[in-house]
file run_11.csv (CSV, C-alpha atoms)
chain,number,residue,atom,x,y,z
A,1,MET,CA,16.0,8.9,-38.5
A,2,THR,CA,12.2,9.5,-38.6
A,3,SER,CA,10.3,10.1,-35.4
A,4,LYS,CA,8.2,7.0,-36.1
A,5,ASN,CA,11.4,4.9,-36.1
A,6,SER,CA,12.7,6.5,-32.9
A,7,ILE,CA,9.4,5.9,-31.1
A,8,ALA,CA,9.5,2.3,-32.3
A,9,LYS,CA,13.1,2.0,-30.9
A,10,ASP,CA,12.0,3.6,-27.6
A,11,ILE,CA,9.1,1.2,-27.2
A,12,LYS,CA,11.4,-1.8,-28.0
A,13,GLY,CA,13.8,-0.6,-25.3
A,14,SER,CA,10.9,-0.1,-22.9
A,15,VAL,CA,9.7,-3.7,-23.5
A,16,ILE,CA,13.3,-5.0,-22.8
A,17,LEU,CA,13.5,-3.0,-19.6
A,18,VAL,CA,10.0,-3.9,-18.4
A,19,PHE,CA,10.7,-7.6,-19.2
A,20,PHE,CA,13.9,-7.4,-17.2
A,21,ALA,CA,12.1,-5.7,-14.3
A,22,LEU,CA,9.2,-8.3,-14.3
A,23,ALA,CA,11.6,-11.2,-14.3
A,24,THR,CA,13.6,-9.7,-11.5
A,25,ALA,CA,10.5,-8.9,-9.5
A,26,PHE,CA,9.0,-12.4,-9.6
A,27,LEU,CA,12.4,-14.0,-9.0
A,28,TYR,CA,13.0,-11.7,-6.0
A,29,ASN,CA,9.5,-12.2,-4.7
A,30,SER,CA,9.7,-16.0,-4.7
A,31,PHE,CA,13.0,-16.0,-2.7
A,32,SER,CA,12.4,-13.0,-0.4
A,33,PRO,CA,11.3,-13.8,3.1
A,34,PHE,CA,8.9,-10.8,2.7
A,35,GLY,CA,7.5,-12.1,-0.6
A,36,ILE,CA,3.7,-12.2,-1.1
A,37,PRO,CA,1.6,-14.6,-3.0
A,38,LEU,CA,0.3,-13.6,-6.5
A,39,LYS,CA,-3.2,-13.3,-5.1
A,40,GLY,CA,-4.3,-11.6,-1.9
A,41,GLN,CA,-7.6,-11.4,0.0
A,42,TRP,CA,-9.1,-8.1,-1.1
A,43,GLU,CA,-12.8,-9.0,-1.0
A,44,THR,CA,-14.3,-7.4,2.1
A,45,GLY,CA,-17.2,-9.9,2.1
A,46,GLN,CA,-14.7,-12.6,2.8
A,47,GLY,CA,-12.9,-11.1,5.8
A,48,VAL,CA,-10.2,-8.7,6.7
A,49,VAL,CA,-8.3,-7.6,3.6
A,50,SER,CA,-4.6,-8.5,3.3
A,51,ALA,CA,-1.9,-9.5,0.9
A,52,ASN,CA,-1.8,-13.0,2.5
A,53,SER,CA,1.9,-12.7,3.1
A,54,GLU,CA,3.6,-15.1,5.5
A,55,ASN,CA,4.5,-12.2,7.9
A,56,ASP,CA,0.9,-11.0,7.9
A,57,SER,CA,-0.9,-11.1,11.3
A,58,VAL,CA,-4.2,-11.8,9.5
A,59,ASN,CA,-5.4,-15.3,10.2
A,60,ALA,CA,-8.7,-16.0,8.3
A,61,SER,CA,-9.4,-19.1,10.3
A,62,ILE,CA,-10.2,-17.1,13.5
A,63,GLU,CA,-12.5,-14.6,11.7
A,64,ILE,CA,-16.2,-14.3,12.2
A,65,ASN,CA,-17.6,-12.6,9.0
A,66,SER,CA,-21.3,-12.7,9.8
A,67,PRO,CA,-22.6,-9.6,11.7
A,68,GLN,CA,-25.7,-11.6,12.6
A,69,ILE,CA,-23.5,-14.1,14.5
A,70,ILE,CA,-21.7,-11.3,16.2
A,71,LEU,CA,-25.1,-9.8,17.2
A,72,ASP,CA,-26.0,-13.1,18.8
A,73,ILE,CA,-22.7,-13.3,20.6
A,74,VAL,CA,-23.2,-9.8,22.0
A,75,GLN,CA,-26.8,-10.3,23.0
A,76,LYS,CA,-26.1,-13.6,24.7
A,77,LYS,CA,-22.8,-12.4,26.2
A,78,GLN,CA,-21.0,-15.5,24.9
A,79,ARG,CA,-17.6,-13.9,24.6
A,80,ILE,CA,-15.7,-11.0,26.2
A,81,ILE,CA,-15.5,-8.3,23.6
A,82,ILE,CA,-12.4,-6.3,23.2
A,83,ASP,CA,-12.2,-3.0,21.2
A,84,VAL,CA,-8.6,-2.4,20.1
A,85,ARG,CA,-9.2,1.0,18.4
A,86,PRO,CA,-7.8,4.2,20.0
A,87,ARG,CA,-9.5,5.2,23.2
A,88,GLU,CA,-11.2,8.3,21.6
A,89,ALA,CA,-12.8,6.1,18.9
A,90,TYR,CA,-14.0,3.8,21.6
A,91,ASP,CA,-15.5,6.6,23.7
A,92,GLN,CA,-17.4,7.9,20.6
A,93,GLY,CA,-19.1,4.5,20.2
A,94,HIS,CA,-18.5,0.8,20.7
A,95,LEU,CA,-20.2,-2.6,20.7
A,96,PRO,CA,-22.3,-3.1,23.9
A,97,SER,CA,-20.2,-4.2,26.9
A,98,ALA,CA,-17.0,-4.1,24.9
A,99,LEU,CA,-13.8,-3.4,26.8
A,100,SER,CA,-11.2,-0.9,25.5
A,101,PHE,CA,-7.7,-2.2,25.1
A,102,PRO,CA,-6.1,-0.1,22.3
A,103,LEU,CA,-3.5,-2.0,20.4
A,104,MET,CA,-1.0,0.8,20.9
A,105,GLU,CA,-1.3,0.4,24.6
A,106,PHE,CA,-1.0,-3.4,24.5
A,107,ASP,CA,2.2,-3.5,26.6
A,108,GLN,CA,0.8,-1.2,29.3
A,109,GLY,CA,-2.6,-3.0,29.3
A,110,ILE,CA,-1.3,-6.5,29.2
A,111,GLY,CA,-1.1,-6.8,33.0
A,112,GLN,CA,-4.8,-5.9,33.3
A,113,ILE,CA,-5.7,-8.4,30.6
A,114,LEU,CA,-3.8,-11.2,32.3
A,115,GLU,CA,-5.3,-10.4,35.6
A,116,SER,CA,-8.9,-10.0,34.6
A,117,ILE,CA,-9.3,-12.6,31.8
A,118,ASN,CA,-8.2,-16.2,32.1
A,119,ARG,CA,-6.7,-18.2,29.3
A,120,GLN,CA,-9.8,-20.3,28.5
A,121,THR,CA,-12.3,-17.3,28.3
A,122,PRO,CA,-13.8,-16.9,24.8
A,123,LEU,CA,-12.7,-13.6,23.4
A,124,LEU,CA,-13.9,-11.5,20.5
A,125,ILE,CA,-11.6,-8.8,19.1
A,126,TYR,CA,-12.6,-6.0,16.7
A,127,CYS,CA,-11.2,-2.8,15.3
A,128,SER,CA,-12.6,-0.3,12.8
A,129,SER,CA,-13.3,-2.2,9.6
A,130,PHE,CA,-12.4,-4.9,7.0
A,131,GLU,CA,-9.4,-2.7,6.1
A,132,CYS,CA,-8.0,-2.8,9.7
A,133,THR,CA,-5.6,-5.5,10.8
A,134,ASP,CA,-5.1,-4.3,14.4
A,135,SER,CA,-7.7,-6.8,15.7
A,136,HIS,CA,-5.6,-9.6,14.1
A,137,THR,CA,-2.3,-8.2,15.5
A,138,PHE,CA,-3.9,-8.1,19.0
A,139,ALA,CA,-5.4,-11.6,18.6
A,140,GLN,CA,-2.0,-13.0,17.6
A,141,GLN,CA,-0.4,-11.4,20.7
A,142,LEU,CA,-3.1,-13.0,22.9
A,143,ILE,CA,-2.6,-16.3,21.2
A,144,GLY,CA,1.1,-16.0,21.8
A,145,LEU,CA,0.2,-15.6,25.5
A,146,LYS,CA,-1.6,-18.9,25.3
A,147,TYR,CA,-5.2,-17.6,25.1
A,148,GLU,CA,-7.0,-20.5,23.6
A,149,ASN,CA,-10.3,-19.1,22.3
A,150,VAL,CA,-9.7,-15.9,20.4
A,151,ARG,CA,-11.9,-14.8,17.4
A,152,VAL,CA,-11.9,-11.7,15.3
A,153,PHE,CA,-15.0,-9.8,14.1
A,154,SER,CA,-13.8,-9.0,10.6
A,155,GLY,CA,-16.2,-6.2,9.7
A,156,GLY,CA,-15.3,-4.3,12.8
A,157,PHE,CA,-17.2,-1.3,14.2
A,158,ARG,CA,-18.0,0.1,10.8
A,159,GLN,CA,-20.0,-2.9,9.8
A,160,TRP,CA,-21.7,-3.0,13.2
A,161,GLN,CA,-22.7,0.7,12.6
A,162,GLU,CA,-23.9,0.0,9.1
A,163,LYS,CA,-26.2,-2.7,10.4
A,164,GLU,CA,-27.6,-0.1,12.8
A,165,TYR,CA,-27.1,-2.4,15.8
A,166,GLU,CA,-27.0,-1.0,19.3
A,167,ILE,CA,-24.0,1.2,20.1
A,168,GLU,CA,-22.8,2.2,23.5
A,169,LYS,CA,-21.1,5.5,24.1
A,170,ASN,CA,-18.9,6.9,26.9
A,171,GLU,CA,-20.3,10.3,27.8
A,172,THR,CA,-17.5,12.6,29.0
B,17,MET,CA,27.6,24.9,-29.1
B,18,LYS,CA,26.4,26.9,-26.1
B,19,HIS,CA,22.8,25.7,-26.5
B,20,ASN,CA,23.8,22.1,-26.5
B,21,TYR,CA,26.0,22.6,-23.4
B,22,TYR,CA,23.1,24.0,-21.3
B,23,THR,CA,20.7,21.4,-22.7
B,24,THR,CA,23.1,18.6,-21.8
B,25,LEU,CA,23.5,20.1,-18.3
B,26,VAL,CA,19.7,20.3,-17.8
B,27,LEU,CA,19.3,16.8,-19.1
B,28,PHE,CA,21.9,15.5,-16.7
B,29,PHE,CA,20.1,17.2,-13.8
B,30,ILE,CA,16.7,15.8,-14.8
B,31,ARG,CA,18.1,12.4,-15.3
B,32,LEU,CA,19.7,12.4,-11.9
B,33,VAL,CA,16.7,13.7,-10.1
B,34,LEU,CA,14.2,11.4,-11.8
B,35,GLY,CA,16.5,8.4,-11.5
B,36,ILE,CA,17.3,8.9,-7.8
B,37,THR,CA,13.6,9.7,-7.0
B,38,PHE,CA,12.4,6.4,-8.7
B,39,ILE,CA,15.1,4.3,-7.1
B,40,TYR,CA,14.4,5.8,-3.7
B,41,ALA,CA,10.7,5.4,-4.1
B,42,SER,CA,11.1,1.7,-5.0
B,43,TYR,CA,13.1,0.8,-1.9
B,44,HIS,CA,10.5,0.6,0.8
B,45,LYS,CA,8.0,-1.0,-1.5
B,46,ILE,CA,10.4,-3.8,-2.3
B,47,ALA,CA,11.2,-4.2,1.3
B,48,ASP,CA,7.6,-4.6,2.3
B,49,PRO,CA,5.3,-5.6,-0.6
B,50,GLY,CA,2.5,-6.6,1.8
B,51,THR,CA,2.1,-3.1,3.1
B,52,PHE,CA,2.4,-1.6,-0.4
B,53,ALA,CA,-0.3,-4.0,-1.6
B,54,LYS,CA,-2.6,-2.6,1.1
B,55,ILE,CA,-1.8,0.9,-0.1
B,56,ILE,CA,-2.7,0.0,-3.7
B,57,TYR,CA,-5.9,-1.5,-2.4
B,58,GLY,CA,-6.6,1.8,-0.5
B,59,TYR,CA,-6.6,3.7,-3.8
B,60,GLY,CA,-9.9,1.9,-4.5
B,61,VAL,CA,-9.4,1.6,-8.3
B,62,PHE,CA,-7.7,-1.7,-8.9
B,63,PRO,CA,-9.5,-5.1,-9.1
B,64,GLY,CA,-8.5,-7.5,-6.3
B,65,PHE,CA,-6.8,-10.0,-8.6
B,66,SER,CA,-4.3,-7.4,-9.8
B,67,ILE,CA,-3.3,-5.9,-6.4
B,68,ASN,CA,-0.6,-8.3,-5.3
B,69,ILE,CA,0.9,-8.5,-8.8
B,70,LEU,CA,1.1,-4.7,-9.0
B,71,ALA,CA,2.7,-4.6,-5.5
B,72,ILE,CA,5.3,-7.1,-6.7
B,73,THR,CA,6.1,-5.6,-10.1
B,74,ILE,CA,5.7,-1.8,-9.9
B,75,PRO,CA,8.7,-1.3,-7.5
B,76,PHE,CA,11.0,-3.2,-9.8
B,77,ILE,CA,9.8,-1.3,-12.8
B,78,GLU,CA,10.6,1.9,-10.9
B,79,LEU,CA,14.0,0.6,-9.8
B,80,THR,CA,15.0,-0.6,-13.3
B,81,ALA,CA,13.9,2.6,-15.0
B,82,GLY,CA,15.7,4.7,-12.4
B,83,PHE,CA,19.0,2.8,-12.7
B,84,SER,CA,18.7,2.7,-16.5
B,85,LEU,CA,18.2,6.5,-16.6
B,86,ILE,CA,21.1,7.2,-14.4
B,87,LEU,CA,23.4,4.8,-16.1
B,88,GLY,CA,22.3,6.0,-19.5
B,89,LEU,CA,21.2,2.6,-20.7
B,90,PHE,CA,18.2,2.9,-23.0
B,91,PRO,CA,17.7,6.4,-21.6
B,92,ARG,CA,14.8,7.3,-23.9
B,93,SER,CA,13.1,4.1,-23.1
B,94,ALA,CA,13.6,4.6,-19.4
B,95,LEU,CA,12.1,8.1,-19.7
B,96,LEU,CA,9.1,6.6,-21.6
B,97,ILE,CA,8.5,4.1,-18.7
B,98,ILE,CA,8.9,6.8,-16.0
B,99,ASN,CA,6.6,9.1,-17.9
B,100,ALA,CA,4.0,6.3,-18.3
B,101,LEU,CA,4.2,5.6,-14.6
B,102,LEU,CA,3.8,9.3,-13.8
B,103,VAL,CA,0.8,9.5,-16.0
B,104,GLY,CA,-0.7,6.5,-14.2
B,105,PHE,CA,0.0,8.0,-10.8
B,106,ILE,CA,-1.4,11.4,-11.8
B,107,LEU,CA,-4.6,9.8,-13.1
B,108,VAL,CA,-5.1,7.7,-10.0
B,109,ILE,CA,-4.3,10.5,-7.5
B,110,GLY,CA,-6.3,13.0,-9.5
B,111,PHE,CA,-9.3,10.7,-9.7
B,112,ASN,CA,-9.3,10.0,-5.9
B,113,LEU,CA,-8.9,13.7,-5.1
B,114,LEU,CA,-11.8,14.6,-7.4
B,115,ARG,CA,-14.1,12.0,-5.8
B,116,GLY,CA,-12.9,12.9,-2.3
B,117,HIS,CA,-11.5,9.5,-1.5
B,118,GLU,CA,-8.7,9.6,1.1
B,119,PHE,CA,-5.7,7.5,0.6
B,120,ASP,CA,-2.0,7.0,1.6
B,121,CYS,CA,0.1,7.3,-1.6
B,122,GLY,CA,2.9,5.1,-0.1
B,123,CYS,CA,5.3,6.9,-2.4
B,124,PHE,CA,8.3,7.3,-0.2
B,125,THR,CA,7.2,6.0,3.2
B,126,PHE,CA,4.3,4.0,4.4
B,127,SER,CA,2.3,6.4,6.7
B,128,SER,CA,-1.0,5.9,8.4
B,129,HIS,CA,-2.0,9.5,7.8
B,130,ASN,CA,-4.2,10.6,5.0
B,131,HIS,CA,-3.8,14.3,4.3
B,132,ARG,CA,-5.7,15.8,1.4
B,133,PHE,CA,-3.2,18.7,1.2
B,134,ALA,CA,-0.3,16.2,1.1
B,135,ASN,CA,-2.0,14.5,-1.8
B,136,VAL,CA,-2.5,17.7,-3.7
B,137,ASP,CA,1.2,18.4,-3.2
B,138,LEU,CA,1.9,14.9,-4.5
B,139,LEU,CA,-0.1,15.6,-7.6
B,140,ILE,CA,1.7,18.8,-8.3
B,141,ARG,CA,5.1,17.1,-7.8
B,142,ASP,CA,4.1,14.3,-10.1
B,143,ILE,CA,3.0,16.8,-12.8
B,144,ALA,CA,6.3,18.7,-12.4
B,145,MET,CA,8.3,15.4,-12.8
B,146,LEU,CA,6.2,14.5,-15.8
B,147,VAL,CA,6.9,17.9,-17.5
B,148,ALA,CA,10.6,17.4,-16.8
B,149,GLY,CA,10.4,13.8,-18.1
B,150,ILE,CA,8.7,14.7,-21.3
B,151,TYR,CA,11.2,17.5,-21.9
B,152,ALA,CA,14.1,15.1,-21.3
B,153,TRP,CA,12.6,12.5,-23.6
B,154,GLN,CA,12.2,15.1,-26.4
B,155,LYS,CA,15.7,16.4,-25.9
B,156,THR,CA,17.6,13.2,-25.5
B,157,LYS,CA,19.1,12.2,-28.7
B,158,ILE,CA,18.5,8.7,-30.1
B,159,THR,CA,21.8,7.0,-30.0
B,160,THR,CA,22.9,3.4,-30.0
B,161,ARG,CA,25.7,4.3,-27.6
B,162,ILE,CA,25.3,4.3,-23.9
B,163,GLY,CA,25.0,7.8,-22.5
B,164,PHE,CA,23.1,11.0,-22.9
B,165,ARG,CA,23.3,13.5,-25.7
B,166,ALA,CA,21.2,16.5,-26.3
B,167,SER,CA,19.7,16.7,-29.8

call {"tool": "encode", "arguments": {"input": "run_11.csv", "output": "structure tokens"}}
result
Amino acid sequence: MTSKNSIAKDIKGSVILVFFALATAFLYNSFSPFGIPLKGQWETGQGVVSANSENDSVNASIEINSPQIILDIVQKKQRIIIDVRPREAYDQGHLPSALSFPLMEFDQGIGQILESINRQTPLLIYCSSFECTDSHTFAQQLIGLKYENVRVFSGGFRQWQEKEYEIEKNET
Amino acid sequence: MKHNYYTTLVLFFIRLVLGITFIYASYHKIADPGTFAKIIYGYGVFPGFSINILAITIPFIELTAGFSLILGLFPRSALLIINALLVGFILVIGFNLLRGHEFDCGCFTFSSHNHRFANVDLLIRDIAMLVAGIYAWQKTKITTRIGFRAS
């Protein structure tokens, strides 16, 4: 058998295997509870990136994408701002008057949140960037605790920094 | 023949290692395609419209090729797919290492850590698997029967 023929056979076999794999993949995805839609949200200009799966914490409807609006909120103190990044990142720089509630410490910090912030208070949550979903996870936990006015700054601290807006630091 | 005996043994070992590696690598991606999609996004080389589709399909291509290789069903074709996947992984990882772009490969587990050295290790491992895959592809006899035979 010539090598040309054998490669043609290999390719033919590969097409069969790939076709089988693709059919199984799409079938499984459509029935799996962890399935994802064929198109995700991967444009950073449109908010926090995610695969848009049903289990995702990302809820585009609570996002604020405009840094100008965020600047306005910060300057006019229209919302309580919550930074959910790790404490070290917060200490190195954060939005003016933001409070630090790292997502990882949610369970320990929840008592303090419930005590100091009532359910109707407008809140703004942010984490590091468009690629970070911690702000959404935190927001969903607050919404689960019946907080009524929770929004997420989708661009996070990185976009705030890129815009060269005022940054507060905790000197140690 | 002695040569054929050792070659068959080596082929069996390569087939087992590559097959198990690809089946294992597909498992957590199938279980959590949303996280895998985010990892594909993190590579920074794929257009947005393709990311979810890749996250849905790549794990099943890995799984099918892995099982096909172990079961000896279209073994040369399975090796061709595995080699093609490895070439793709090597190009993407190599490109990101060259441009200094940090990423989580998401190969066997989803981790939040990005370690440059881990990614260099990963590149070396993928190159080693590709070399083994090409060797196995060359040495696996074309046969209409199910199974592996050295040429």

call {"tool": "interface_residues", "arguments": {"input": "run_11.csv", "of": "chain B", "to": "chain A", "cutoff": "10 Å", "atoms": "only C-alpha atoms", "output": "PyMOL selection string"}}
result
chain B and resi 46-54+57-58+63-81+84+89-98+153+157-160

call {"tool": "atom_distance", "arguments": {"input": "run_11.csv", "atom1": "atom CA of A:Glu162", "atom2": "atom CA of B:Tyr59"}}
result
21.9 Å

call {"tool": "atom_distance", "arguments": {"input": "run_11.csv", "atom1": "atom CA of A:Ile82", "atom2": "atom CA of A:Tyr126"}}
result
6.5 Å

call {"tool": "closest_residue", "arguments": {"input": "run_11.csv", "among": "A:Pro67, A:Gly111, A:Pro96, A:Gly47", "to": "A:Leu145", "atoms": "all atoms listed in the file"}}
result
A:Gly111

call {"tool": "atom_distance", "arguments": {"input": "run_11.csv", "atom1": "atom CA of A:Phe138", "atom2": "atom CA of A:Leu103"}}
result
6.3 Å

call {"tool": "residues_around", "arguments": {"input": "run_11.csv", "residues": "A:Ile70", "least_positions_apart": "2", "cutoff": "10 Å", "atoms": "all atoms listed in the file", "output": "PDB file with C-alpha atoms, in the frame of the given file"}}
result
ATOM      1  CA  ILE A  64     -16.200 -14.300  12.200  1.00  0.00           C
ATOM      2  CA  ASN A  65     -17.600 -12.600   9.000  1.00  0.00           C
ATOM      3  CA  SER A  66     -21.300 -12.700   9.800  1.00  0.00           C
ATOM      4  CA  PRO A  67     -22.600  -9.600  11.700  1.00  0.00           C
ATOM      5  CA  GLN A  68     -25.700 -11.600  12.600  1.00  0.00           C
ATOM      6  CA  ASP A  72     -26.000 -13.100  18.800  1.00  0.00           C
ATOM      7  CA  ILE A  73     -22.700 -13.300  20.600  1.00  0.00           C
ATOM      8  CA  VAL A  74     -23.200  -9.800  22.000  1.00  0.00           C
ATOM      9  CA  GLN A  75     -26.800 -10.300  23.000  1.00  0.00           C
ATOM     10  CA  LYS A  76     -26.100 -13.600  24.700  1.00  0.00           C
ATOM     11  CA  GLN A  78     -21.000 -15.500  24.900  1.00  0.00           C
ATOM     12  CA  ARG A  79     -17.600 -13.900  24.600  1.00  0.00           C
ATOM     13  CA  LEU A  95     -20.200  -2.600  20.700  1.00  0.00           C
ATOM     14  CA  LEU A 124     -13.900 -11.500  20.500  1.00  0.00           C
ATOM     15  CA  VAL A 152     -11.900 -11.700  15.300  1.00  0.00           C
ATOM     16  CA  PHE A 153     -15.000  -9.800  14.100  1.00  0.00           C
ATOM     17  CA  SER A 154     -13.800  -9.000  10.600  1.00  0.00           C
ATOM     18  CA  GLY A 155     -16.200  -6.200   9.700  1.00  0.00           C
ATOM     19  CA  TRP A 160     -21.700  -3.000  13.200  1.00  0.00           C
TER      20      TRP A 160
END

call {"tool": "closest_residue", "arguments": {"input": "run_11.csv", "among": "A:Ile110, A:Cys127, A:Ile69, A:Ile167", "to": "A:Gln141", "atoms": "all atoms listed in the file"}}
result
A:Ile110

call {"tool": "closest_residue", "arguments": {"input": "run_11.csv", "among": "B:Leu87, B:Ile39, B:Val136, B:Val33", "to": "B:Glu118", "atoms": "all atoms listed in the file"}}
result
B:Val136

call {"tool": "closest_residue", "arguments": {"input": "run_11.csv", "among": "B:Gly104, B:Gly110, B:Gly82, B:Gly60", "to": "B:Leu34", "atoms": "only C-alpha atoms"}}
result
B:Gly82

call {"tool": "axis_aligned_box", "arguments": {"input": "run_11.csv", "around": "stretch 32-39 of chain A", "padding_each_side": "5 Å", "output": "JSON"}}
result
{"center_x": 4.6, "center_y": -12.7, "center_z": -1.7, "size_x": 25.6, "size_y": 13.8, "size_z": 19.6}

call {"tool": "closest_residue", "arguments": {"input": "run_11.csv", "among": "A:Asp91, A:Leu99, A:Asp83, A:Val48", "to": "A:Ile62", "atoms": "all atoms listed in the file"}}
result
A:Val48

call {"tool": "residues_around", "arguments": {"input": "run_11.csv", "residues": "B:Leu27", "least_positions_apart": "6", "cutoff": "12 Å", "atoms": "only C-alpha atoms", "output": "ChimeraX atom specification"}}
result
/B:20-21,33-35,85-86,88,91-92,95,148-157,163-167
